[in-house]
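Pasted below: upload_19.tsv, TSV, C-alpha atoms.
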chain	number	residue	atom	x	y	z
A	1	MET	CA	10.66	30.15	22.20
A	2	SER	CA	13.16	32.75	21.15
A	3	ALA	CA	14.15	33.61	17.62
A	4	THR	CA	17.48	31.80	18.06
A	5	SER	CA	15.96	28.54	19.23
A	6	HIS	CA	13.26	28.70	16.57
A	7	GLY	CA	15.87	29.26	13.90
A	8	ALA	CA	17.94	26.37	15.27
A	9	SER	CA	14.99	23.99	15.16
A	10	CYS	CA	14.22	24.97	11.59
A	11	GLY	CA	17.88	24.56	10.68
A	12	VAL	CA	18.06	21.06	12.18
A	13	VAL	CA	15.10	19.92	10.11
A	14	LEU	CA	16.50	21.58	7.01
A	15	GLY	CA	19.88	19.92	7.52
A	16	ILE	CA	18.32	16.47	7.80
A	17	VAL	CA	16.01	17.05	4.86
A	18	ILE	CA	18.80	18.33	2.67
A	19	VAL	CA	20.90	15.22	3.37
A	20	ILE	CA	18.01	12.97	2.31
A	21	PHE	CA	17.37	15.21	-0.65
A	22	LEU	CA	21.01	14.89	-1.77
A	23	GLN	CA	20.51	11.14	-1.85
A	24	GLN	CA	17.40	11.56	-3.95
A	25	VAL	CA	19.34	13.57	-6.52
A	26	ALA	CA	22.12	10.95	-6.57
A	27	VAL	CA	24.84	12.96	-4.86
A	28	ILE	CA	25.37	10.73	-1.83
A	29	ALA	CA	24.30	7.20	-0.98
A	30	LEU	CA	22.36	6.37	2.18
A	31	SER	CA	22.42	2.63	1.74
A	32	ASP	CA	24.59	1.76	4.73
A	33	LEU	CA	23.30	2.61	8.19
A	34	VAL	CA	26.39	4.03	9.89
A	35	PRO	CA	27.53	6.55	7.28
A	36	SER	CA	23.90	7.52	6.73
A	37	LEU	CA	23.47	8.36	10.41
A	38	GLU	CA	26.73	10.28	10.33
A	39	TYR	CA	25.52	12.29	7.36
A	40	LEU	CA	22.22	13.01	9.11
A	41	ILE	CA	23.88	14.07	12.37
A	42	ILE	CA	26.39	16.28	10.58
A	43	GLY	CA	23.60	17.84	8.54
A	44	ALA	CA	21.51	18.42	11.65
A	45	VAL	CA	24.38	20.03	13.56
A	46	ILE	CA	25.45	22.29	10.71
A	47	GLY	CA	21.85	23.20	9.97
A	48	GLY	CA	21.13	23.88	13.62
A	49	VAL	CA	24.11	26.18	14.04
A	50	LEU	CA	23.40	28.06	10.83
A	51	GLY	CA	19.70	28.27	11.68
A	52	ALA	CA	20.48	29.61	15.15
A	53	VAL	CA	22.72	32.30	13.71
A	54	ILE	CA	20.14	33.25	11.11
A	55	GLY	CA	17.36	33.27	13.70
A	56	TRP	CA	19.43	35.40	16.05
A	57	ALA	CA	20.18	37.91	13.29
A	58	LEU	CA	16.58	38.01	12.19
A	59	GLY	CA	15.48	38.51	15.77
A	60	ARG	CA	17.79	41.47	16.23
A	61	SER	CA	16.62	42.90	12.95
A	62	TYR	CA	13.00	42.51	13.98
A	63	LEU	CA	13.58	44.19	17.34
A	64	ALA	CA	15.43	47.03	15.64
A	65	ARG	CA	12.50	47.59	13.36
A	66	HIS	CA	9.96	47.22	16.15
A	67	PRO	CA	11.54	48.89	19.21
A	68	VAL	CA	10.02	48.58	22.65
A	69	GLY	CA	8.19	51.53	24.20
A	70	VAL	CA	8.37	53.93	21.31
A	71	ALA	CA	5.21	55.81	20.73
A	72	ALA	CA	3.66	55.61	17.37
A	73	PRO	CA	4.26	58.68	15.23
A	74	PRO	CA	1.39	61.18	15.21
A	75	LYS	CA	-0.94	60.90	12.35
B	1	MET	CA	8.73	19.39	12.58
B	2	VAL	CA	5.95	16.83	12.78
B	3	LEU	CA	6.31	16.00	9.10
B	4	ALA	CA	10.06	15.61	9.48
B	5	PHE	CA	9.73	13.17	12.35
B	6	ALA	CA	7.02	11.31	10.49
B	7	LEU	CA	9.31	10.97	7.49
B	8	MET	CA	12.18	9.74	9.62
B	9	GLY	CA	9.88	7.28	11.29
B	10	LEU	CA	8.69	6.07	7.91
B	11	LEU	CA	12.23	5.57	6.72
B	12	LEU	CA	13.41	3.78	9.82
B	13	ASN	CA	10.26	1.82	10.65
B	14	LEU	CA	10.87	-1.07	8.34
B	15	PRO	CA	9.47	-4.56	8.75
B	16	ALA	CA	11.38	-6.91	10.95
B	17	SER	CA	11.97	-9.21	7.99
B	18	THR	CA	14.08	-6.58	6.30
B	19	ILE	CA	16.04	-6.00	9.49
B	20	ALA	CA	16.61	-9.70	9.82
B	21	SER	CA	17.76	-9.96	6.23
B	22	SER	CA	20.12	-7.05	6.79
B	23	ALA	CA	21.54	-8.71	9.85
B	24	SER	CA	22.01	-11.97	8.02
B	25	ARG	CA	23.76	-10.12	5.24
B	26	SER	CA	26.16	-8.44	7.61
B	27	ALA	CA	26.93	-11.79	9.18
B	28	ALA	CA	27.67	-13.34	5.82
B	29	VAL	CA	31.06	-14.94	5.61
B	30	GLN	CA	33.61	-13.94	3.09
B	31	PRO	CA	33.46	-16.00	-0.11
B	32	ALA	CA	35.60	-19.07	0.06
B	33	ALA	CA	38.82	-19.06	-1.86
B	34	GLY	CA	38.57	-20.20	-5.43
B	35	ILE	CA	34.93	-19.34	-5.91
B	36	THR	CA	34.37	-17.07	-8.86
B	37	GLY	CA	31.20	-15.25	-9.67
B	38	ASP	CA	29.96	-12.71	-12.10
B	39	VAL	CA	26.69	-10.88	-12.59
B	40	THR	CA	25.59	-8.76	-15.50
B	41	TRP	CA	22.76	-6.19	-15.39
B	42	ASN	CA	21.24	-5.86	-18.85
B	43	GLY	CA	24.59	-6.89	-20.20
B	44	VAL	CA	26.65	-4.55	-18.00
B	45	ASP	CA	29.10	-6.20	-15.65
B	46	ILE	CA	28.28	-5.04	-12.12
B	47	SER	CA	31.95	-5.12	-11.15
B	48	THR	CA	32.28	-1.84	-13.06
B	49	LEU	CA	29.52	-0.22	-10.94
B	50	GLY	CA	31.30	-0.29	-7.60
B	51	THR	CA	31.20	3.42	-6.82
B	52	ILE	CA	28.53	6.11	-6.69
B	53	SER	CA	30.11	8.00	-9.56
B	54	SER	CA	29.97	4.93	-11.76
B	55	ALA	CA	26.42	4.00	-10.78
B	56	LEU	CA	24.23	2.59	-13.50
B	57	SER	CA	21.26	4.77	-14.38
B	58	ILE	CA	18.12	2.67	-14.46
B	59	ASP	CA	14.41	3.24	-14.77
B	60	PHE	CA	12.37	1.81	-11.94
B	61	SER	CA	9.48	1.12	-14.28
B	62	GLN	CA	11.47	-1.13	-16.58
B	63	SER	CA	12.52	-4.65	-15.82
B	64	ALA	CA	16.13	-5.58	-15.36
B	65	ASN	CA	17.59	-8.80	-16.70
B	66	LEU	CA	20.40	-10.10	-14.56
B	67	LEU	CA	22.53	-13.12	-15.31
B	68	TYR	CA	24.31	-14.84	-12.45
B	69	LYS	CA	27.35	-16.99	-13.17
B	70	TRP	CA	29.39	-18.93	-10.65
B	71	SER	CA	31.99	-21.65	-10.70
B	72	ASN	CA	34.33	-23.60	-8.41
B	73	VAL	CA	31.72	-23.69	-5.66
B	74	PRO	CA	32.23	-26.61	-3.27
B	75	ALA	CA	29.43	-29.13	-2.86
B	76	PRO	CA	26.51	-28.98	-2.42
B	77	GLY	CA	26.74	-25.89	-4.61
B	78	ILE	CA	24.37	-22.97	-5.15
B	79	ASN	CA	20.61	-23.09	-5.09
B	80	ASP	CA	19.64	-19.44	-4.60
B	81	ALA	CA	20.44	-16.26	-6.50
B	82	ARG	CA	19.53	-13.10	-4.59
B	83	LEU	CA	19.37	-9.40	-5.34
B	84	GLN	CA	18.83	-6.89	-2.53
B	85	MET	CA	18.50	-3.13	-2.51
B	86	PHE	CA	19.51	-1.29	0.64
B	87	TYR	CA	18.42	1.97	2.21
B	88	PHE	CA	19.67	3.08	5.63
B	89	GLY	CA	21.17	-0.35	6.06
B	90	PHE	CA	17.92	-2.18	5.53
B	91	ALA	CA	16.83	-4.20	2.53
B	92	VAL	CA	13.92	-2.33	0.98
B	93	ALA	CA	13.66	-4.76	-1.92
B	94	THR	CA	14.69	-8.39	-2.23
B	95	ARG	CA	14.42	-10.64	-5.23
B	96	ASP	CA	15.17	-14.32	-4.92
B	97	VAL	CA	15.35	-17.08	-7.48
B	98	SER	CA	15.70	-20.57	-6.13
B	99	LEU	CA	17.13	-23.40	-8.15
B	100	SER	CA	15.48	-26.78	-7.96
B	101	VAL	CA	18.86	-28.50	-7.91
B	102	ALA	CA	22.00	-27.05	-6.39
B	103	GLN	CA	24.82	-26.48	-8.85
B	104	THR	CA	28.53	-26.13	-8.21
B	105	SER	CA	28.94	-24.09	-11.39
B	106	GLY	CA	26.56	-22.62	-13.84
B	107	SER	CA	24.49	-19.58	-14.63
B	108	TRP	CA	20.97	-18.47	-13.89
B	109	PRO	CA	18.86	-15.52	-15.06
B	110	LEU	CA	16.99	-13.23	-12.71
B	111	ASN	CA	14.40	-10.73	-13.80
B	112	TRP	CA	13.47	-7.84	-11.52
B	113	THR	CA	10.96	-5.05	-11.99
B	114	PRO	CA	11.19	-2.62	-9.07
B	115	LEU	CA	7.99	-0.83	-10.02
B	116	SER	CA	6.49	-1.10	-6.52
B	117	ILE	CA	9.22	1.10	-5.04
B	118	GLY	CA	9.57	3.27	-8.11
B	119	TYR	CA	6.78	5.58	-7.06
B	120	VAL	CA	8.37	6.13	-3.68
B	121	LEU	CA	12.12	6.14	-4.06
B	122	GLU	CA	14.50	7.92	-6.33
B	123	GLY	CA	18.21	8.45	-6.26
B	124	VAL	CA	21.31	6.33	-5.83
B	125	TYR	CA	21.08	3.01	-4.02
B	126	LYS	CA	23.41	0.16	-3.24
B	127	LEU	CA	22.45	-3.30	-4.40
B	128	THR	CA	23.99	-6.60	-3.50
B	129	ALA	CA	24.01	-9.60	-5.78
B	130	SER	CA	24.75	-12.84	-4.03
B	131	VAL	CA	24.62	-16.57	-4.55
B	132	ILE	CA	23.64	-18.68	-1.58
B	133	ALA	CA	24.24	-22.29	-0.66
B	134	PRO	CA	21.40	-24.58	0.49
B	135	ASN	CA	22.46	-24.15	4.12
B	136	GLY	CA	22.03	-20.37	3.82
B	137	THR	CA	25.68	-19.48	3.54
B	138	THR	CA	26.50	-16.68	1.15
B	139	MET	CA	29.12	-18.16	-1.10
B	140	TRP	CA	29.76	-15.08	-3.21
B	141	SER	CA	28.43	-11.54	-3.26
B	142	GLU	CA	29.20	-8.22	-4.81
B	143	ASP	CA	27.96	-4.69	-4.12
B	144	PHE	CA	27.17	-2.18	-6.82
B	145	TYR	CA	25.29	1.09	-7.19
B	146	VAL	CA	22.42	2.14	-9.39
B	147	THR	CA	20.74	5.49	-9.88
B	148	GLY	CA	17.02	4.91	-9.99
B	149	ASN	CA	14.70	7.23	-11.85
B	150	ALA	CA	11.06	7.34	-10.84
B	151	PRO	CA	8.46	6.43	-13.47
B	152	LEU	CA	6.97	9.92	-13.33
B	153	GLY	CA	10.29	11.70	-13.49
B	154	PHE	CA	10.91	13.59	-10.28
B	155	LEU	CA	7.42	12.98	-8.94
B	156	ALA	CA	8.20	10.19	-6.52
B	157	VAL	CA	6.70	10.42	-3.05
B	158	ILE	CA	9.82	11.07	-1.01
B	159	PRO	CA	11.24	13.88	-3.20
B	160	ILE	CA	7.88	15.64	-3.14
B	161	VAL	CA	7.63	15.37	0.64
B	162	LEU	CA	11.19	16.60	0.99
B	163	LEU	CA	10.54	19.58	-1.24
B	164	LEU	CA	7.44	20.51	0.74
B	165	LEU	CA	9.41	20.23	3.97
B	166	VAL	CA	12.19	22.43	2.61
B	167	VAL	CA	9.74	25.11	1.51
B	168	TYR	CA	7.92	25.10	4.84
B	169	GLU	CA	11.07	25.15	6.96
B	170	VAL	CA	12.66	27.93	4.93
B	171	TYR	CA	9.45	29.93	5.37
B	172	ALA	CA	9.50	29.23	9.12
B	173	LEU	CA	13.16	30.19	9.33
B	174	VAL	CA	12.57	33.48	7.57
B	175	ARG	CA	9.75	34.29	9.98
B	176	SER	CA	11.73	33.27	13.06
B	177	GLY	CA	12.65	36.90	13.72
B	178	ARG	CA	9.13	37.53	14.96
B	179	TYR	CA	9.80	35.17	17.86
B	180	ALA	CA	12.17	37.77	19.27
B	181	ALA	CA	9.12	39.83	20.21
B	182	LEU	CA	7.90	37.11	22.54
B	183	GLY	CA	10.75	37.48	24.99
B	184	ARG	CA	10.70	41.21	25.42
B	185	LYS	CA	8.78	43.02	28.15
B	186	PRO	CA	5.48	44.62	27.26
B	187	ALA	CA	5.55	48.33	26.73
B	188	ALA	CA	4.82	50.35	29.89
B	189	PRO	CA	1.71	52.49	29.79
B	190	PRO	CA	2.45	56.18	29.26
B	191	GLU	CA	2.77	58.14	32.48
B	192	THR	CA	0.05	60.69	33.12
B	193	PRO	CA	1.27	63.91	34.68
B	194	PRO	CA	0.02	64.29	38.27
B	195	PRO	CA	-2.13	67.22	39.26
B	196	SER	CA	-0.13	70.40	39.69
B	197	GLY	CA	1.26	70.77	43.21
B	198	ALA	CA	0.27	67.33	44.32
B	199	ALA	CA	2.99	64.86	45.07
B	200	PRO	CA	2.74	61.63	43.19
B	201	GLN	CA	1.28	59.02	45.37
B	202	THR	CA	1.69	55.36	44.86
B	203	PRO	CA	-1.17	53.01	45.45
B	204	ALA	CA	0.74	51.47	48.38
B	205	LYS	CA	1.01	54.80	50.09
B	206	ALA	CA	-2.60	55.46	49.41
B	207	ALA	CA	-3.45	52.25	51.13
B	208	GLU	CA	-1.41	53.25	54.16
B	209	ALA	CA	-3.21	56.55	54.47
B	210	PRO	CA	-6.14	56.59	56.90
B	211	ALA	CA	-9.49	56.38	55.35
B	212	GLU	CA	-10.85	59.40	57.21
B	213	ALA	CA	-8.05	61.61	55.97
B	214	PRO	CA	-8.59	62.16	52.30
B	215	PRO	CA	-5.65	63.47	50.37
B	216	GLU	CA	-5.39	67.18	50.44
B	217	THR	CA	-5.94	69.08	47.34
B	218	PRO	CA	-4.37	72.47	46.96
B	219	PRO	CA	-6.89	75.28	47.20
B	220	ASP	CA	-5.73	76.86	44.05
B	221	THR	CA	-6.30	73.74	42.09
B	222	PRO	CA	-9.31	74.22	39.96
B	223	THR	CA	-11.71	71.46	40.43
B	224	GLU	CA	-13.42	70.24	37.44
B	225	THR	CA	-17.11	70.41	37.63
B	226	PRO	CA	-19.21	68.28	35.47
B	227	PRO	CA	-20.89	70.13	32.69
B	228	PRO	CA	-24.48	71.07	33.36
B	229	THR	CA	-26.78	68.55	32.08
B	230	GLU	CA	-29.88	69.58	30.47
B	231	THR	CA	-33.00	68.03	31.74
B	232	PRO	CA	-34.67	66.07	29.07
B	233	PRO	CA	-38.01	67.22	27.95
B	234	PRO	CA	-40.93	65.53	29.59
B	235	ALA	CA	-42.21	62.52	28.02
B	236	GLY	CA	-44.73	63.18	25.43
B	237	GLY	CA	-42.76	65.90	23.76
B	238	VAL	CA	-43.69	69.46	23.13
B	239	SER	CA	-47.13	70.01	21.84

How does this structure look as structure tokens?
Amino acid sequence: MSATSHGASCGVVLGIVIVIFLQQVAVIALSDLVPSLEYLIIGAVIGGVLGAVIGWALGRSYLARHPVGVAAPPK
Amino acid sequence: MVLAFALMGLLLNLPASTIASSASRSAAVQPAAGITGDVTWNGVDISTLGTISSALSIDFSQSANLLYKWSNVPAPGINDARLQMFYFGFAVATRDVSLSVAQTSGSWPLNWTPLSIGYVLEGVYKLTASVIAPNGTTMWSEDFYVTGNAPLGFLAVIPIVLLLLVVYEVYALVRSGRYAALGRKPAAPPETPPPSGAAPQTPAKAAEAPAEAPPETPPDTPTETPPPTETPPPAGGVS
């Protein structure tokens, strides 16, 4: 699993959870099935895209800080 | 991820009775012309609670006193007053009061204490108040919204689970950069310089070489000799 896909999976879960959480704090209503599913799908898509971007950026940052094949500095 | 799917399964895995009641509600006919109805929730007319922004703030631990009124209902009249609370299209709570004798006009009180769901749910929910004829036909209904507060404040089950999920997923997202290291190639071992004058020889070439012809070593190449080893003293030690 790459950093991008891992970030996307985390973002999808976060998007769904945030939609349900908004209902718990009385911002949106999830009483009807169809708009509720629409909210969940929209939240999952937006969260997945944002999570993939964040994961990709974090992966590049990690590789920049931990380059391949560079010898450790002498002690 | 597992917790998220478990939560979704919990939310969507409702008893078949609630699904059936939801289906019957969606199939309810429009109220016949001329029928008038009115319901008050602790004295508040529910017709003023039709939107989320105007939702009535209630406490799930306290009982609600509803008063149903109806008139101009054709015979045989009304014999059931119903209150349903919906979540994801399914009725998570239903309260029914049946009248012994059907009435074409009248009023009837309904008391409801949603304490059983108060420890689980919190937030804004749609409720439907309806009056039903003896043959099961919904003669009049009206939707309204309430904002339910859990008995222990914010400590209902679902908000706590959601908060834990958010914390865990944010932590996992922040650490997702480490997964970039899984796809890269492992670092090559450092190359050792070959002996001076000797051409580098790959293992494949070494395999092709005949066994009786060992690789030549230049004469000027100093051969390392193992250091002289001292013979250990004989057993028994020095007297």

- Message: When you look at region 26-30 of chain A with a cut-off of 12 Å (counting only C-alpha atoms), what residues show up, excluding the ones that are within fewer than 4 positions of it in the same chain? I need them as a ChimeraX atom specification.
- Response: /A:18-22,34-40 /B:11,51-57,85-91,121-127,144-149,159

- Task: Measure the distance from CA of Val12 (chain A) to CA of Ala93 (chain B) in Å and round it to one decimal.
- Result: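 Value for the CA of Val12 (chain A)-CA of Ala93 (chain B) distance: 29.7 Å.
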
For region 45-59 of chain A, find every residue with an atom within 7 Å (counting only C-alpha atoms), except residues of its own chain fewer than 5 positions away, and show them as a PDB file with C-alpha atoms, in the frame of the given file.
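As a result, result-v7.pdb now contains:
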ATOM      1  CA  ALA A   3      14.150  33.610  17.620  1.00  0.00           C
ATOM      2  CA  THR A   4      17.480  31.800  18.060  1.00  0.00           C
ATOM      3  CA  SER A   5      15.960  28.540  19.230  1.00  0.00           C
ATOM      4  CA  HIS A   6      13.260  28.700  16.570  1.00  0.00           C
ATOM      5  CA  GLY A   7      15.870  29.260  13.900  1.00  0.00           C
ATOM      6  CA  ALA A   8      17.940  26.370  15.270  1.00  0.00           C
ATOM      7  CA  SER A   9      14.990  23.990  15.160  1.00  0.00           C
ATOM      8  CA  CYS A  10      14.220  24.970  11.590  1.00  0.00           C
ATOM      9  CA  GLY A  11      17.880  24.560  10.680  1.00  0.00           C
ATOM     10  CA  VAL A  12      18.060  21.060  12.180  1.00  0.00           C
ATOM     11  CA  LEU A  14      16.500  21.580   7.010  1.00  0.00           C
ATOM     12  CA  GLY A  15      19.880  19.920   7.520  1.00  0.00           C
TER      13      GLY A  15
ATOM     14  CA  LEU B 173      13.160  30.190   9.330  1.00  0.00           C
ATOM     15  CA  SER B 176      11.730  33.270  13.060  1.00  0.00           C
ATOM     16  CA  GLY B 177      12.650  36.900  13.720  1.00  0.00           C
ATOM     17  CA  ARG B 178       9.130  37.530  14.960  1.00  0.00           C
ATOM     18  CA  TYR B 179       9.800  35.170  17.860  1.00  0.00           C
ATOM     19  CA  ALA B 180      12.170  37.770  19.270  1.00  0.00           C
TER      20      ALA B 180
END

- Can you work out the spacing between CA of Thr128 (chain B) and CA of Phe60 (chain B) in Å, to one decimal? 16.6 Å

- Item | Pick from B:Leu152, B:Leu110, B:Gln84, B:Thr40 nearest to chain A, counting only C-alpha atoms |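 The shortest atom-to-atom distance to chain A comes from B:Gln84.
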
- Have a look at CA of His66 (chain A) and CA of Val174 (chain B) and let me know their distance in Å, one decimal. 16.4 Å

Extending 8 Å beyond the listed atoms of region 27-42 of chain A on each side, what axis-aligned box results? I want centre and edge lengths in Å to one decimal, as lines of an AutoDock Vina configuration file.
center_x = 24.9
center_y = 9.0
center_z = 3.8
size_x = 21.3
size_y = 30.5
size_z = 33.2

- Task: Have a look at A:Pro67, A:Leu33, A:Ser61, A:Gly43 and name the one nearest to chain B; count only C-alpha atoms.
- Result: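 When distances to chain B are compared using only C-alpha atoms, the smallest one comes from A:Leu33.
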
- Find the residue from B:Val39, B:Ala133, B:Val167, B:Leu162 that sits nearest to chain A; use only C-alpha atoms when measuring.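 Among the listed residues, the smallest separation from chain A belongs to B:Leu162.
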
- Item | Ref. answer, residues at most 10 Å from (10.5, 1.6, -14.9) with all atoms listed in the file, as number ranges by chain | B: 58-64, 113-119, 148-152

Next, write the just-selected residues to a file, as an mmCIF file, in the frame of the given file, keeping C-alpha atoms as the atom set.
data_model
loop_
_atom_site.group_PDB
_atom_site.id
_atom_site.type_symbol
_atom_site.label_atom_id
_atom_site.label_comp_id
_atom_site.auth_asym_id
_atom_site.auth_seq_id
_atom_site.Cartn_x
_atom_site.Cartn_y
_atom_site.Cartn_z
ATOM 1 C CA ILE B 58 18.120 2.670 -14.460
ATOM 2 C CA ASP B 59 14.410 3.240 -14.770
ATOM 3 C CA PHE B 60 12.370 1.810 -11.940
ATOM 4 C CA SER B 61 9.480 1.120 -14.280
ATOM 5 C CA GLN B 62 11.470 -1.130 -16.580
ATOM 6 C CA SER B 63 12.520 -4.650 -15.820
ATOM 7 C CA ALA B 64 16.130 -5.580 -15.360
ATOM 8 C CA THR B 113 10.960 -5.050 -11.990
ATOM 9 C CA PRO B 114 11.190 -2.620 -9.070
ATOM 10 C CA LEU B 115 7.990 -0.830 -10.020
ATOM 11 C CA SER B 116 6.490 -1.100 -6.520
ATOM 12 C CA ILE B 117 9.220 1.100 -5.040
ATOM 13 C CA GLY B 118 9.570 3.270 -8.110
ATOM 14 C CA TYR B 119 6.780 5.580 -7.060
ATOM 15 C CA GLY B 148 17.020 4.910 -9.990
ATOM 16 C CA ASN B 149 14.700 7.230 -11.850
ATOM 17 C CA ALA B 150 11.060 7.340 -10.840
ATOM 18 C CA PRO B 151 8.460 6.430 -13.470
ATOM 19 C CA LEU B 152 6.970 9.920 -13.330
#

- Message: Residues within 12 Å of Gln103 (chain B), please, as a VMD selection string. Count only C-alpha atoms; anything in the same chain fewer than 4 positions from it doesn't count.
- Response: chain B and resid 69 to 81 98 to 99 107 to 108 131 to 134

- Query: Taking only C-alpha atoms into account, which of A:Val17, A:Met1, A:Arg65, A:Gln23 comes nearest Ile41 (chain A)?
  - Reply: A:Val17
